[in-house]
$ cat data.tsv   # TSV, C-alpha atoms
chain	number	residue	atom	x	y	z
O	117	MET	CA	-31.64	-34.23	-167.06
O	118	ASN	CA	-31.41	-31.39	-169.58
O	119	ILE	CA	-28.07	-31.13	-171.38
O	120	LEU	CA	-26.46	-28.31	-173.37
O	121	VAL	CA	-23.76	-28.88	-176.02
O	122	ILE	CA	-21.62	-25.90	-177.02
O	123	GLY	CA	-20.42	-25.84	-180.64
O	124	SER	CA	-21.59	-26.49	-184.19
O	125	GLY	CA	-19.23	-28.94	-185.90
O	126	GLY	CA	-18.87	-32.65	-186.53
O	127	ARG	CA	-17.34	-33.20	-183.10
O	128	GLU	CA	-20.33	-31.58	-181.41
O	129	HIS	CA	-22.81	-33.59	-183.49
O	130	ALA	CA	-20.98	-36.79	-182.44
O	131	LEU	CA	-21.10	-35.71	-178.79
O	132	TYR	CA	-24.81	-34.86	-179.12
O	133	TRP	CA	-25.50	-38.26	-180.72
O	134	LYS	CA	-23.70	-40.18	-177.96
O	135	LEU	CA	-25.29	-38.12	-175.17
O	136	MET	CA	-28.71	-38.89	-176.67
O	137	GLU	CA	-28.08	-42.59	-175.94
O	138	SER	CA	-27.92	-42.02	-172.19
O	139	PRO	CA	-30.97	-42.98	-170.10
O	140	GLN	CA	-30.20	-39.87	-168.01
O	141	THR	CA	-30.91	-37.56	-170.95
O	142	ASP	CA	-34.25	-35.76	-171.17
O	143	ASN	CA	-33.60	-32.87	-173.57
O	144	ILE	CA	-30.45	-31.75	-175.40
O	145	TYR	CA	-29.95	-28.21	-176.65
O	146	ALA	CA	-27.09	-26.99	-178.84
O	147	ILE	CA	-25.49	-23.53	-178.97
O	148	PRO	CA	-25.45	-22.75	-181.86
O	149	GLY	CA	-25.64	-26.36	-183.11
O	150	ASN	CA	-26.22	-27.54	-186.68
O	151	PRO	CA	-29.11	-29.21	-188.58
O	152	GLY	CA	-28.10	-32.64	-187.29
O	153	MET	CA	-28.49	-31.61	-183.67
O	154	GLY	CA	-32.17	-30.94	-183.00
O	155	LYS	CA	-32.77	-27.96	-180.72
O	156	GLN	CA	-30.46	-25.25	-182.10
O	157	ILE	CA	-30.14	-22.06	-180.07
O	158	ASN	CA	-28.86	-18.90	-181.78
O	159	ILE	CA	-26.35	-17.70	-179.17
O	160	SER	CA	-22.65	-17.04	-179.76
O	161	VAL	CA	-20.28	-19.58	-178.16
O	162	THR	CA	-18.31	-16.63	-176.74
O	163	ASP	CA	-21.30	-14.94	-175.07
O	164	ASN	CA	-20.84	-16.37	-171.58
O	165	ASP	CA	-23.60	-14.26	-170.03
O	166	ALA	CA	-26.21	-15.39	-172.57
O	167	ILE	CA	-25.14	-19.03	-172.24
O	168	LEU	CA	-25.34	-18.79	-168.45
O	169	LYS	CA	-28.81	-17.22	-168.63
O	170	PHE	CA	-30.04	-19.94	-171.02
O	171	ALA	CA	-28.60	-22.74	-168.84
O	172	LYS	CA	-30.43	-21.38	-165.80
O	173	GLU	CA	-33.73	-20.92	-167.67
O	174	LYS	CA	-33.69	-24.49	-169.01
O	175	GLU	CA	-32.41	-26.01	-165.74
O	176	ILE	CA	-29.42	-27.55	-167.52
O	177	GLY	CA	-27.79	-30.37	-165.51
O	178	LEU	CA	-24.68	-30.72	-167.73
O	179	VAL	CA	-22.97	-28.38	-170.19
O	180	VAL	CA	-20.55	-30.07	-172.63
O	181	VAL	CA	-18.10	-27.64	-174.21
O	182	GLY	CA	-16.92	-28.82	-177.64
O	183	PRO	CA	-14.55	-26.18	-179.11
O	184	GLU	CA	-11.44	-24.67	-177.58
O	185	ILE	CA	-12.29	-20.95	-177.73
O	186	PRO	CA	-15.10	-21.06	-175.10
O	187	LEU	CA	-12.74	-23.01	-172.81
O	188	THR	CA	-10.02	-20.36	-172.98
O	189	ASN	CA	-12.78	-17.73	-172.68
O	190	ARG	CA	-13.62	-18.91	-169.12
O	191	LEU	CA	-16.98	-20.49	-169.97
O	192	VAL	CA	-16.43	-23.48	-167.65
O	193	ASP	CA	-15.24	-21.12	-164.89
O	194	ASP	CA	-18.41	-19.04	-165.17
O	195	LEU	CA	-20.72	-22.07	-165.30
O	196	GLU	CA	-19.13	-23.78	-162.29
O	197	GLU	CA	-19.17	-20.55	-160.29
O	198	ALA	CA	-22.94	-20.43	-160.97
O	199	GLY	CA	-23.29	-24.01	-159.69
O	200	ILE	CA	-23.82	-25.58	-163.15
O	201	CYS	CA	-22.01	-28.83	-163.93
O	202	ALA	CA	-19.73	-28.40	-166.98
O	203	PHE	CA	-17.48	-30.83	-168.85
O	204	GLY	CA	-14.17	-29.30	-169.86
O	205	PRO	CA	-11.16	-27.65	-168.22
O	206	ARG	CA	-11.20	-24.23	-166.65
O	207	ALA	CA	-9.38	-21.46	-168.56
O	208	ASN	CA	-6.09	-21.73	-166.69
O	209	ALA	CA	-5.95	-25.46	-167.52
O	210	ALA	CA	-7.14	-24.95	-171.14
O	211	GLU	CA	-3.97	-22.90	-171.68
O	212	ILE	CA	-2.29	-26.24	-172.41
O	213	GLU	CA	-3.92	-25.82	-175.84
O	214	GLY	CA	-4.31	-22.04	-175.84
O	215	SER	CA	-0.54	-21.49	-175.80
O	216	LYS	CA	1.89	-23.89	-177.44
O	217	ALA	CA	4.74	-22.08	-175.66
O	218	PHE	CA	3.10	-22.77	-172.28
O	219	ALA	CA	2.65	-26.45	-173.18
O	220	LYS	CA	6.27	-26.82	-174.35
O	221	ASP	CA	7.62	-25.09	-171.24
O	222	LEU	CA	5.48	-27.35	-169.04
O	223	MET	CA	6.85	-30.45	-170.77
O	224	LYS	CA	10.44	-29.23	-170.46
O	225	LYS	CA	9.99	-28.46	-166.75
O	226	TYR	CA	8.48	-31.87	-165.94
O	227	GLY	CA	10.48	-34.05	-168.32
O	228	ILE	CA	7.57	-35.03	-170.57
O	229	PRO	CA	8.86	-36.37	-173.93
O	230	THR	CA	8.46	-33.93	-176.84
O	231	ALA	CA	10.49	-32.33	-179.63
O	232	ARG	CA	13.31	-29.83	-178.92
O	233	TYR	CA	12.06	-26.27	-179.44
O	234	GLU	CA	12.57	-22.53	-179.07
O	235	VAL	CA	9.99	-19.76	-178.66
O	236	PHE	CA	10.24	-16.47	-180.59
O	237	ASN	CA	8.46	-13.13	-180.25
O	238	GLU	CA	10.21	-11.55	-183.25
O	239	ALA	CA	10.74	-12.74	-186.81
O	240	GLU	CA	14.47	-12.09	-187.31
O	241	PRO	CA	15.75	-14.27	-184.42
O	242	ALA	CA	13.34	-16.99	-185.63
O	243	ARG	CA	14.85	-16.81	-189.12
O	244	ALA	CA	18.37	-16.99	-187.70
O	245	TYR	CA	17.42	-20.11	-185.69
O	246	ILE	CA	16.02	-21.78	-188.80
O	247	ARG	CA	19.19	-21.04	-190.76
O	248	LYS	CA	21.24	-22.53	-187.92
O	249	GLU	CA	19.08	-25.66	-187.48
O	250	GLY	CA	18.23	-26.33	-191.12
O	251	ALA	CA	15.28	-28.35	-192.41
O	252	PRO	CA	13.04	-30.26	-192.10
O	253	ILE	CA	11.71	-28.20	-189.21
O	254	VAL	CA	8.28	-27.35	-187.74
O	255	VAL	CA	6.90	-23.81	-187.33
O	256	LYS	CA	3.84	-23.30	-185.09
O	257	ALA	CA	1.69	-20.28	-184.29
O	258	ASP	CA	1.60	-20.07	-180.48
O	259	GLY	CA	-2.13	-19.41	-180.09
O	260	LEU	CA	-5.39	-20.97	-181.28
O	261	ALA	CA	-5.57	-21.32	-185.06
O	262	ALA	CA	-8.44	-23.80	-185.58
O	263	GLY	CA	-6.05	-26.72	-185.91
O	264	LYS	CA	-4.21	-25.15	-188.87
O	265	GLY	CA	-1.42	-23.13	-187.25
O	266	VAL	CA	1.32	-25.70	-187.90
O	267	ILE	CA	3.67	-25.76	-190.91
O	268	VAL	CA	5.88	-28.81	-191.38
O	269	ALA	CA	8.62	-27.26	-193.53
O	270	MET	CA	10.67	-29.75	-195.54
O	271	THR	CA	13.04	-27.03	-196.80
O	272	GLU	CA	14.67	-24.01	-195.18
O	273	ARG	CA	12.87	-21.74	-197.65
O	274	GLU	CA	9.46	-23.14	-196.63
O	275	ALA	CA	10.30	-22.54	-192.97
O	276	LEU	CA	11.39	-18.94	-193.60
O	277	GLU	CA	8.24	-18.31	-195.64
O	278	ALA	CA	6.17	-19.73	-192.76
O	279	VAL	CA	7.74	-17.26	-190.33
O	280	ASP	CA	6.98	-14.41	-192.75
O	281	ALA	CA	3.37	-15.54	-193.23
O	282	ILE	CA	2.63	-16.10	-189.53
O	283	MET	CA	4.49	-13.22	-187.89
O	284	GLU	CA	4.50	-10.52	-190.58
O	285	GLY	CA	1.61	-11.57	-192.83
O	286	SER	CA	-0.62	-12.32	-189.81
O	287	SER	CA	-1.97	-15.42	-191.57
O	288	PHE	CA	-3.30	-16.67	-188.22
O	289	GLY	CA	-4.04	-13.26	-186.68
O	290	ASP	CA	-3.10	-12.72	-183.05
O	291	ALA	CA	-2.36	-16.45	-182.68
O	292	GLY	CA	0.87	-15.84	-184.61
O	293	ALA	CA	2.24	-12.95	-182.55
O	294	ARG	CA	4.55	-15.53	-180.98
O	295	ILE	CA	5.80	-18.73	-182.62
O	296	VAL	CA	7.30	-22.03	-181.54
O	297	ILE	CA	9.93	-23.67	-183.75
O	298	GLU	CA	10.50	-27.39	-183.17
O	299	GLU	CA	12.73	-30.13	-184.40
O	300	PHE	CA	11.14	-32.41	-186.98
O	301	MET	CA	10.24	-35.76	-185.41
O	302	GLU	CA	10.24	-38.91	-187.51
O	303	GLY	CA	7.65	-41.63	-186.94
O	304	GLU	CA	3.94	-42.29	-187.24
O	305	GLU	CA	1.38	-39.93	-185.75
O	306	ALA	CA	-1.52	-41.05	-183.59
O	307	SER	CA	-4.14	-39.51	-181.31
O	308	LEU	CA	-4.89	-40.65	-177.79
O	309	LEU	CA	-7.71	-38.98	-175.88
O	310	ALA	CA	-8.34	-39.47	-172.17
O	311	PHE	CA	-11.08	-38.75	-169.66
O	312	THR	CA	-9.78	-37.25	-166.43
O	313	ASP	CA	-11.19	-35.74	-163.22
O	314	GLY	CA	-7.85	-34.16	-162.32
O	315	LYS	CA	-6.60	-37.29	-160.55
O	316	ILE	CA	-7.89	-40.42	-162.29
O	317	ILE	CA	-6.99	-40.86	-165.99
O	318	ARG	CA	-8.86	-43.18	-168.34
O	319	PRO	CA	-7.40	-43.39	-171.86
O	320	MET	CA	-9.89	-43.78	-174.69
O	321	ILE	CA	-9.44	-45.97	-177.75
O	322	SER	CA	-6.65	-44.68	-180.02
O	323	ALA	CA	-7.21	-43.04	-183.41
O	324	GLN	CA	-5.26	-41.71	-186.37
O	325	ASP	CA	-6.16	-38.50	-188.23
O	326	HIS	CA	-5.33	-37.55	-191.84
O	327	LYS	CA	-4.40	-33.86	-191.87
O	328	ARG	CA	-3.35	-33.36	-195.49
O	329	ALA	CA	-6.02	-32.45	-198.02
O	330	LEU	CA	-5.08	-34.96	-200.73
O	331	ASP	CA	-4.46	-38.68	-201.12
O	332	GLY	CA	-1.00	-39.92	-200.22
O	333	ASP	CA	-0.74	-37.28	-197.48
O	334	ARG	CA	-0.14	-34.53	-200.02
O	335	GLY	CA	-1.49	-30.99	-200.22
O	336	PRO	CA	-2.07	-28.37	-197.51
O	337	ASN	CA	-2.82	-29.11	-193.87
O	338	THR	CA	-6.50	-29.15	-192.93
O	339	GLY	CA	-8.54	-29.59	-189.77
O	340	GLY	CA	-8.64	-33.31	-190.65
O	341	MET	CA	-9.91	-35.15	-193.74
O	342	GLY	CA	-10.76	-38.40	-192.00
O	343	THR	CA	-9.79	-40.71	-189.21
O	344	TYR	CA	-10.08	-44.26	-187.95
O	345	ALA	CA	-9.97	-46.15	-184.66
O	346	PRO	CA	-8.27	-48.05	-183.24
O	347	ALA	CA	-4.82	-47.14	-184.65
O	348	PRO	CA	-2.63	-50.29	-184.99
O	349	VAL	CA	0.52	-48.25	-184.23
O	350	MET	CA	-0.92	-47.69	-180.73
O	351	THR	CA	-0.34	-51.18	-179.37
O	352	HIS	CA	-1.28	-52.06	-175.80
O	353	GLU	CA	2.36	-51.44	-174.82
O	354	MET	CA	2.42	-48.03	-176.58
O	355	ILE	CA	-0.82	-46.91	-174.86
O	356	GLU	CA	0.67	-48.00	-171.53
O	357	ARG	CA	3.84	-45.99	-172.22
O	358	ALA	CA	1.85	-42.91	-173.30
O	359	THR	CA	-0.23	-43.19	-170.12
O	360	GLU	CA	2.74	-43.60	-167.77
O	361	GLU	CA	5.22	-41.27	-169.51
O	362	ILE	CA	2.86	-38.53	-170.73
O	363	LEU	CA	-0.73	-38.57	-169.45
O	364	LYS	CA	-0.05	-39.16	-165.76
O	365	PRO	CA	2.92	-36.73	-165.53
O	366	THR	CA	0.96	-34.06	-167.43
O	367	ILE	CA	-2.12	-34.23	-165.20
O	368	ALA	CA	0.13	-34.24	-162.11
O	369	ALA	CA	2.14	-31.29	-163.50
O	370	MET	CA	-0.99	-29.26	-164.16
O	371	ALA	CA	-2.23	-29.89	-160.61
O	372	ASN	CA	1.19	-28.92	-159.25
O	373	GLU	CA	0.99	-25.65	-161.22
O	374	GLY	CA	-2.40	-24.85	-159.68
O	375	ARG	CA	-4.21	-25.68	-162.93
O	376	VAL	CA	-6.25	-28.80	-162.06
O	377	TYR	CA	-7.25	-30.38	-165.37
O	378	ARG	CA	-10.71	-31.96	-165.72
O	379	GLY	CA	-12.40	-33.05	-168.93
O	380	CYS	CA	-10.91	-34.56	-172.05
O	381	LEU	CA	-7.18	-34.25	-172.67
O	382	TYR	CA	-6.12	-34.91	-176.26
O	383	LEU	CA	-2.61	-36.13	-176.99
O	384	GLY	CA	-1.30	-35.68	-180.50
O	385	LEU	CA	1.59	-38.16	-180.52
O	386	MET	CA	4.53	-39.05	-182.70
O	387	ILE	CA	5.53	-42.69	-182.28
O	388	THR	CA	9.30	-42.43	-182.69
O	389	LYS	CA	12.05	-45.06	-182.41
O	390	ASP	CA	12.45	-43.85	-178.80
O	391	GLY	CA	8.73	-44.21	-178.00
O	392	PRO	CA	5.77	-41.80	-177.89
O	393	LYS	CA	6.45	-38.04	-177.89
O	394	VAL	CA	3.98	-35.16	-177.71
O	395	VAL	CA	3.29	-33.26	-180.92
O	396	GLU	CA	0.50	-31.20	-179.35
O	397	PHE	CA	-2.07	-31.10	-176.58
O	398	ASN	CA	-5.71	-30.18	-177.10
O	399	ALA	CA	-7.97	-29.27	-174.20
O	400	ARG	CA	-11.03	-30.98	-175.70
O	401	PHE	CA	-12.19	-33.81	-177.92
O	402	GLY	CA	-10.50	-33.92	-181.33
O	403	ASP	CA	-12.27	-33.35	-184.61
O	404	PRO	CA	-12.65	-35.72	-186.48
O	405	GLU	CA	-11.31	-38.23	-183.92
O	406	THR	CA	-14.47	-37.92	-181.80
O	407	GLN	CA	-16.52	-39.22	-184.71
O	408	VAL	CA	-14.76	-42.62	-184.53
O	409	VAL	CA	-13.91	-42.85	-180.83
O	410	LEU	CA	-17.41	-42.27	-179.40
O	411	PRO	CA	-19.15	-44.91	-181.56
O	412	LEU	CA	-16.78	-47.45	-179.97
O	413	LEU	CA	-17.53	-46.31	-176.39
O	414	ASP	CA	-19.58	-48.91	-174.53
O	415	GLY	CA	-20.88	-46.78	-171.70
O	416	ASP	CA	-22.99	-43.85	-170.52
O	417	LEU	CA	-21.27	-40.64	-171.67
O	418	VAL	CA	-23.42	-38.46	-169.38
O	419	GLN	CA	-22.33	-40.50	-166.35
O	420	ILE	CA	-18.66	-40.36	-167.41
O	421	MET	CA	-18.71	-36.61	-168.03
O	422	ARG	CA	-20.41	-35.78	-164.74
O	423	ALA	CA	-17.86	-37.97	-162.93
O	424	CYS	CA	-15.01	-36.03	-164.58
O	425	SER	CA	-16.54	-32.74	-163.45
O	426	GLU	CA	-17.31	-33.96	-159.93
O	427	GLY	CA	-14.04	-35.79	-159.23
O	428	THR	CA	-15.60	-39.26	-159.06
O	429	LEU	CA	-14.21	-40.93	-162.19
O	430	ALA	CA	-12.74	-43.79	-160.11
O	431	ASP	CA	-16.31	-45.00	-159.48
O	432	VAL	CA	-17.36	-45.20	-163.15
O	433	PRO	CA	-16.57	-48.24	-165.33
O	434	ILE	CA	-15.54	-47.44	-168.93
O	435	HIS	CA	-15.53	-50.15	-171.59
O	436	TRP	CA	-14.87	-50.20	-175.32
O	437	LYS	CA	-16.52	-52.19	-178.09
O	438	SER	CA	-14.54	-54.54	-180.30
O	439	GLY	CA	-14.24	-53.71	-183.99
O	440	ALA	CA	-13.33	-50.50	-185.77
O	441	ALA	CA	-14.76	-47.20	-187.00
O	442	VAL	CA	-13.69	-45.14	-190.02
O	443	CYS	CA	-14.70	-41.53	-190.77
O	444	VAL	CA	-14.37	-40.01	-194.26
O	445	VAL	CA	-14.81	-36.23	-194.43
O	446	LEU	CA	-16.74	-34.79	-197.37
O	447	ALA	CA	-15.32	-31.33	-198.00
O	448	ALA	CA	-16.29	-28.33	-200.13
O	449	GLY	CA	-14.19	-27.74	-203.23
O	450	GLY	CA	-11.36	-25.32	-202.44
O	451	TYR	CA	-11.09	-26.25	-198.76
O	452	PRO	CA	-8.90	-25.52	-196.77
O	453	THR	CA	-8.55	-22.16	-198.54
O	454	SER	CA	-11.54	-20.49	-200.24
O	455	TYR	CA	-14.78	-22.39	-200.88
O	456	GLU	CA	-18.41	-21.61	-201.57
O	457	LYS	CA	-21.41	-22.18	-199.30
O	458	GLY	CA	-25.11	-22.76	-199.90
O	459	ASP	CA	-25.00	-25.81	-202.17
O	460	GLU	CA	-27.76	-28.35	-201.58
O	461	ILE	CA	-26.66	-31.72	-200.14
O	462	PHE	CA	-28.29	-34.89	-201.44
O	463	GLY	CA	-28.30	-38.47	-200.17
O	464	ILE	CA	-27.75	-38.18	-196.39
O	465	THR	CA	-30.76	-40.38	-195.58
O	466	ASP	CA	-29.63	-42.93	-198.20
O	467	ALA	CA	-26.23	-43.16	-196.51
O	468	GLU	CA	-27.82	-43.53	-193.09
O	469	ALA	CA	-30.11	-46.27	-194.44
O	470	MET	CA	-26.95	-48.28	-195.18
O	471	GLY	CA	-26.05	-48.19	-191.48
O	472	ALA	CA	-23.56	-45.31	-191.67
O	473	LEU	CA	-23.43	-42.49	-189.15
O	474	VAL	CA	-23.48	-39.11	-190.90
O	475	PHE	CA	-22.25	-36.26	-188.71
O	476	HIS	CA	-22.96	-32.70	-189.84
O	477	ALA	CA	-19.84	-30.52	-189.67
O	478	GLY	CA	-20.44	-27.52	-191.95
O	479	THR	CA	-24.13	-27.53	-192.88
O	480	ALA	CA	-27.13	-25.23	-192.59
O	481	GLU	CA	-30.86	-25.45	-193.22
O	482	GLN	CA	-32.18	-23.20	-195.97
O	483	ASP	CA	-35.78	-23.25	-197.24
O	484	GLY	CA	-36.23	-26.75	-195.84
O	485	LYS	CA	-33.08	-28.05	-197.53
O	486	ILE	CA	-29.70	-29.03	-196.03
O	487	VAL	CA	-26.92	-26.97	-197.65
O	488	THR	CA	-23.16	-26.60	-197.31
O	489	ASN	CA	-22.02	-24.02	-194.74
O	490	GLY	CA	-18.34	-24.79	-194.13
O	491	GLY	CA	-15.17	-26.36	-195.49
O	492	ARG	CA	-15.58	-29.75	-193.88
O	493	VAL	CA	-19.23	-30.45	-194.63
O	494	LEU	CA	-19.98	-34.00	-193.40
O	495	GLY	CA	-18.23	-36.85	-191.61
O	496	VAL	CA	-19.39	-40.27	-192.83
O	497	VAL	CA	-18.65	-43.08	-190.37
O	498	GLY	CA	-18.68	-46.79	-191.14
O	499	MET	CA	-18.41	-49.46	-188.45
O	500	GLY	CA	-17.05	-52.98	-188.90
O	501	GLU	CA	-15.35	-55.93	-187.28
O	502	SER	CA	-12.05	-54.77	-188.81
O	503	ILE	CA	-10.63	-51.54	-190.19
O	504	ALA	CA	-10.92	-52.99	-193.71
O	505	SER	CA	-14.65	-53.72	-193.34
O	506	ALA	CA	-15.26	-50.32	-191.72
O	507	VAL	CA	-13.44	-48.62	-194.64
O	508	LYS	CA	-15.65	-50.48	-197.11
O	509	LYS	CA	-18.85	-49.45	-195.31
O	510	SER	CA	-17.79	-45.81	-194.97
O	511	TYR	CA	-16.90	-45.39	-198.65
O	512	ALA	CA	-20.06	-47.20	-199.79
O	513	ALA	CA	-22.08	-44.63	-197.81
O	514	VAL	CA	-19.97	-41.72	-199.13
O	515	GLU	CA	-21.00	-42.71	-202.68
O	516	LYS	CA	-24.65	-42.04	-201.76
O	517	ILE	CA	-23.99	-38.38	-200.85
O	518	SER	CA	-23.42	-35.54	-203.30
O	519	PHE	CA	-23.19	-31.77	-203.51
O	520	ARG	CA	-21.54	-29.41	-205.98
O	521	ASN	CA	-17.72	-29.55	-206.00
O	522	ALA	CA	-17.63	-32.10	-203.16
O	523	TYR	CA	-14.33	-33.89	-202.64
O	524	HIS	CA	-12.87	-36.42	-200.22
O	525	ARG	CA	-9.73	-38.44	-199.69
O	526	LYS	CA	-9.95	-41.97	-201.05
O	527	ASP	CA	-7.21	-43.46	-198.86
O	528	ILE	CA	-8.41	-43.01	-195.27
O	529	ALA	CA	-6.80	-45.68	-193.02
O	530	HIS	CA	-4.17	-46.48	-195.66
O	531	ARG	CA	-1.44	-46.92	-193.02
O	532	ALA	CA	-3.50	-49.48	-191.14
O	533	LEU	CA	-4.46	-51.35	-194.31
O	534	HIS	CA	-0.85	-51.54	-195.54
O	535	ARG	CA	0.79	-52.62	-192.31

$ encode --input "data.tsv" --output "C-alpha cells"
Amino acid sequence: MNILVIGSGGREHALYWKLMESPQTDNIYAIPGNPGMGKQINISVTDNDAILKFAKEKEIGLVVVGPEIPLTNRLVDDLEEAGICAFGPRANAAEIEGSKAFAKDLMKKYGIPTARYEVFNEAEPARAYIRKEGAPIVVKADGLAAGKGVIVAMTEREALEAVDAIMEGSSFGDAGARIVIEEFMEGEEASLLAFTDGKIIRPMISAQDHKRALDGDRGPNTGGMGTYAPAPVMTHEMIERATEEILKPTIAAMANEGRVYRGCLYLGLMITKDGPKVVEFNARFGDPETQVVLPLLDGDLVQIMRACSEGTLADVPIHWKSGAAVCVVLAAGGYPTSYEKGDEIFGITDAEAMGALVFHAGTAEQDGKIVTNGGRVLGVVGMGESIASAVKKSYAAVEKISFRNAYHRKDIAHRALHR
C-alpha cells in the first residue's frame, strides 16, 4: 500500500524507516519530510485540505501523523471522515496533550496517580500560590510548546520568574495563557509508550530521555538531547504497575468521556517511592524516544498501526528484540535558544557504514549538500547486546559526523551505566 508520514523531524524519519521494513509498503511519502525520508512533499502539516487532496490522489492506505499540532488540528478526524485510515487520536482525544489542565483534571477525576496541582488563568494568584507552597515547584504552560513549556524551579524566585515569562512575557505564545503549577516529584523519570485501539493496550519497550542541554543534567530544558531503551528503572513490575494503574484507567477514562483514544499514548513518568506517577501525557510518539524504541520492535509496524486504527489490535502479535539502543542527538551550537542554519554536515555515510542508524531531525538539502536546518540536527543510534555496548557504538559513530559549532551530550545513559 501507499503510506504518508506527516512531519519532518527525527521521530518522523524513524517512523518512515520502520514503515519501510514492512512487506505491505509500496511507496512512502512525507509531508513535508526531510532529506532522510525520500519522497518529500511541500505541503504544510496544518493544511488539512491539501493533505486530504494529496492522500486521495496517491491512493494512500495509511496516514501516520507524527507531531502533535496536526492531531489537535483535526487532521485524523478529517482523514477518517474521508474514509482514509489514519494512525493517531482524533482531536478531542489529542487534548490529553493539547491541554495540561485537561489532562490533570482527568487524572484527578479518575484517580490516576500524578502530582498535586492548581490551574491559573492570571499571574497574581499563581504568584501567591507559589509563595504559599514554596520551592522546588514545577510551572507548566497549559498548551502545546514543542516539549519546552515546563520549568522545574528549584527556588521560589525561579518559579516567579517562570510565571512572568510565560504569562506576561508570552515566552510560549498562546500556550501560556493558562498555566499549571505542580508539586515537585522526587524520583527517576522514564518514558513508556503504548499502542492502543481504544480498548486493547500494548505497552512498548521503556526508554529514558535526557532533557537538559548539558552533561550532568545541567543547562536549559530541550526537546531531548538523547535517549536509550530499555530503561532499567522500568522493571517488569514497574511496567505492570504503570499499565494497571495508569494506562488502562486512562484509556477507559477517555472512552467514558466520549474521547475514544486510538494511536500511540506516551506516558512521561516519575518513578517515586510510592510507584509510577504521571509527569505528562503526549498524544503521539516521543522524540527522541521513537529513535530507540522502534529499532527494538520485532514486528510489522504497518500491521500494528492499521490494527490500532481499525480496532483489531487484539489480533496482532507484538514482540520486542533483546538488547539495547542508544540515541545521541547532535545539536547546533546555541540550541535550545538561538542557533544558525545552513552549515554543511559531513560524515553521515561514514557513521552509517559503522552500523549506526542516523536519523535526520533538523536538516535540509542545499545545492546537493545536506545542511543544518534546526536545533536538533541528527539522532545517531547505536545498537548492542547491552546499554554499555550500544553507548559505545553510538558515540563511535558520532565521532564520524561533523558540522560547524556542533555539540552533544557525552553522558547519555549515565543513569543506566551507574546503577

$ residues_near_point --input "data.tsv" --point "(-7.7, -28.8, -163.9)" --cutoff "10 Å" --atoms "only C-alpha atoms" --output "mmCIF file with C-alpha atoms, in the coordinates of the input"
data_model
loop_
_atom_site.group_PDB
_atom_site.id
_atom_site.type_symbol
_atom_site.label_atom_id
_atom_site.label_comp_id
_atom_site.auth_asym_id
_atom_site.auth_seq_id
_atom_site.Cartn_x
_atom_site.Cartn_y
_atom_site.Cartn_z
ATOM 1 C CA GLY O 204 -14.170 -29.300 -169.860
ATOM 2 C CA PRO O 205 -11.160 -27.650 -168.220
ATOM 3 C CA ARG O 206 -11.200 -24.230 -166.650
ATOM 4 C CA ALA O 207 -9.380 -21.460 -168.560
ATOM 5 C CA ASN O 208 -6.090 -21.730 -166.690
ATOM 6 C CA ALA O 209 -5.950 -25.460 -167.520
ATOM 7 C CA ALA O 210 -7.140 -24.950 -171.140
ATOM 8 C CA THR O 312 -9.780 -37.250 -166.430
ATOM 9 C CA ASP O 313 -11.190 -35.740 -163.220
ATOM 10 C CA GLY O 314 -7.850 -34.160 -162.320
ATOM 11 C CA LYS O 315 -6.600 -37.290 -160.550
ATOM 12 C CA ILE O 367 -2.120 -34.230 -165.200
ATOM 13 C CA ALA O 368 0.130 -34.240 -162.110
ATOM 14 C CA MET O 370 -0.990 -29.260 -164.160
ATOM 15 C CA ALA O 371 -2.230 -29.890 -160.610
ATOM 16 C CA GLU O 373 0.990 -25.650 -161.220
ATOM 17 C CA GLY O 374 -2.400 -24.850 -159.680
ATOM 18 C CA ARG O 375 -4.210 -25.680 -162.930
ATOM 19 C CA VAL O 376 -6.250 -28.800 -162.060
ATOM 20 C CA TYR O 377 -7.250 -30.380 -165.370
ATOM 21 C CA ARG O 378 -10.710 -31.960 -165.720
ATOM 22 C CA GLY O 379 -12.400 -33.050 -168.930
ATOM 23 C CA SER O 425 -16.540 -32.740 -163.450
#

$ atom_distance --input "data.tsv" --atom1 "CA of Gly449 in chain O" --atom2 "CA of Leu494 in chain O"
13.0 Å

$ closest_residue --input "data.tsv" --among "O:Val279, O:Val432, O:Met320, O:Ile517" --to "Leu381 in chain O" --atoms "all atoms listed in the file"
O:Met320

$ atom_distance --input "data.tsv" --atom1 "CA of Tyr382 in chain O" --atom2 "CA of Glu356 in chain O"
15.5 Å

$ residues_around --input "data.tsv" --residues "range 149-152 of chain O" --least-positions-apart "4" --cutoff "7 Å" --atoms "only C-alpha atoms" --output "PyMOL selection string"
chain O and resi 123-124+129+156-157+476+479-481

$ closest_atom_pairs --input "data.tsv" --of "range 274-340 of chain O" --to "range 409-415 of chain O" --cutoff "10 Å" --atoms "all atoms listed in the file" --output "Markdown table"
| residue | atom | partner | partner_atom | distance |
| --- | --- | --- | --- | --- |
| O:Leu308 | CA | O:Val409 | CA | 9.8 |
| O:Leu309 | CA | O:Val409 | CA | 8.8 |
| O:Met320 | CA | O:Val409 | CA | 7.4 |
| O:Ile321 | CA | O:Val409 | CA | 6.3 |
| O:Ser322 | CA | O:Val409 | CA | 7.5 |
| O:Ala323 | CA | O:Val409 | CA | 7.2 |

$ write_last_selection --input "data.tsv" --atoms "C-alpha atoms" --output "PDB file, in the frame of the given file"
ATOM      1  CA  LEU O 308      -4.890 -40.650-177.790  1.00  0.00           C
ATOM      2  CA  LEU O 309      -7.710 -38.980-175.880  1.00  0.00           C
ATOM      3  CA  MET O 320      -9.890 -43.780-174.690  1.00  0.00           C
ATOM      4  CA  ILE O 321      -9.440 -45.970-177.750  1.00  0.00           C
ATOM      5  CA  SER O 322      -6.650 -44.680-180.020  1.00  0.00           C
ATOM      6  CA  ALA O 323      -7.210 -43.040-183.410  1.00  0.00           C
TER       7      ALA O 323
END

$ residues_around --input "data.tsv" --residues "range 182-195 of chain O" --least-positions-apart "2" --cutoff "8 Å" --atoms "all atoms listed in the file" --output "VMD selection string"
chain O and resid 121 to 123 127 to 128 161 to 162 164 168 180 197 to 208 210 to 211 213 to 214 260 398 to 401

$ closest_residue --input "data.tsv" --among "O:Ala477, O:Ala532, O:Ala345, O:Ile316" --to "Met499 in chain O" --atoms "only C-alpha atoms"
O:Ala345
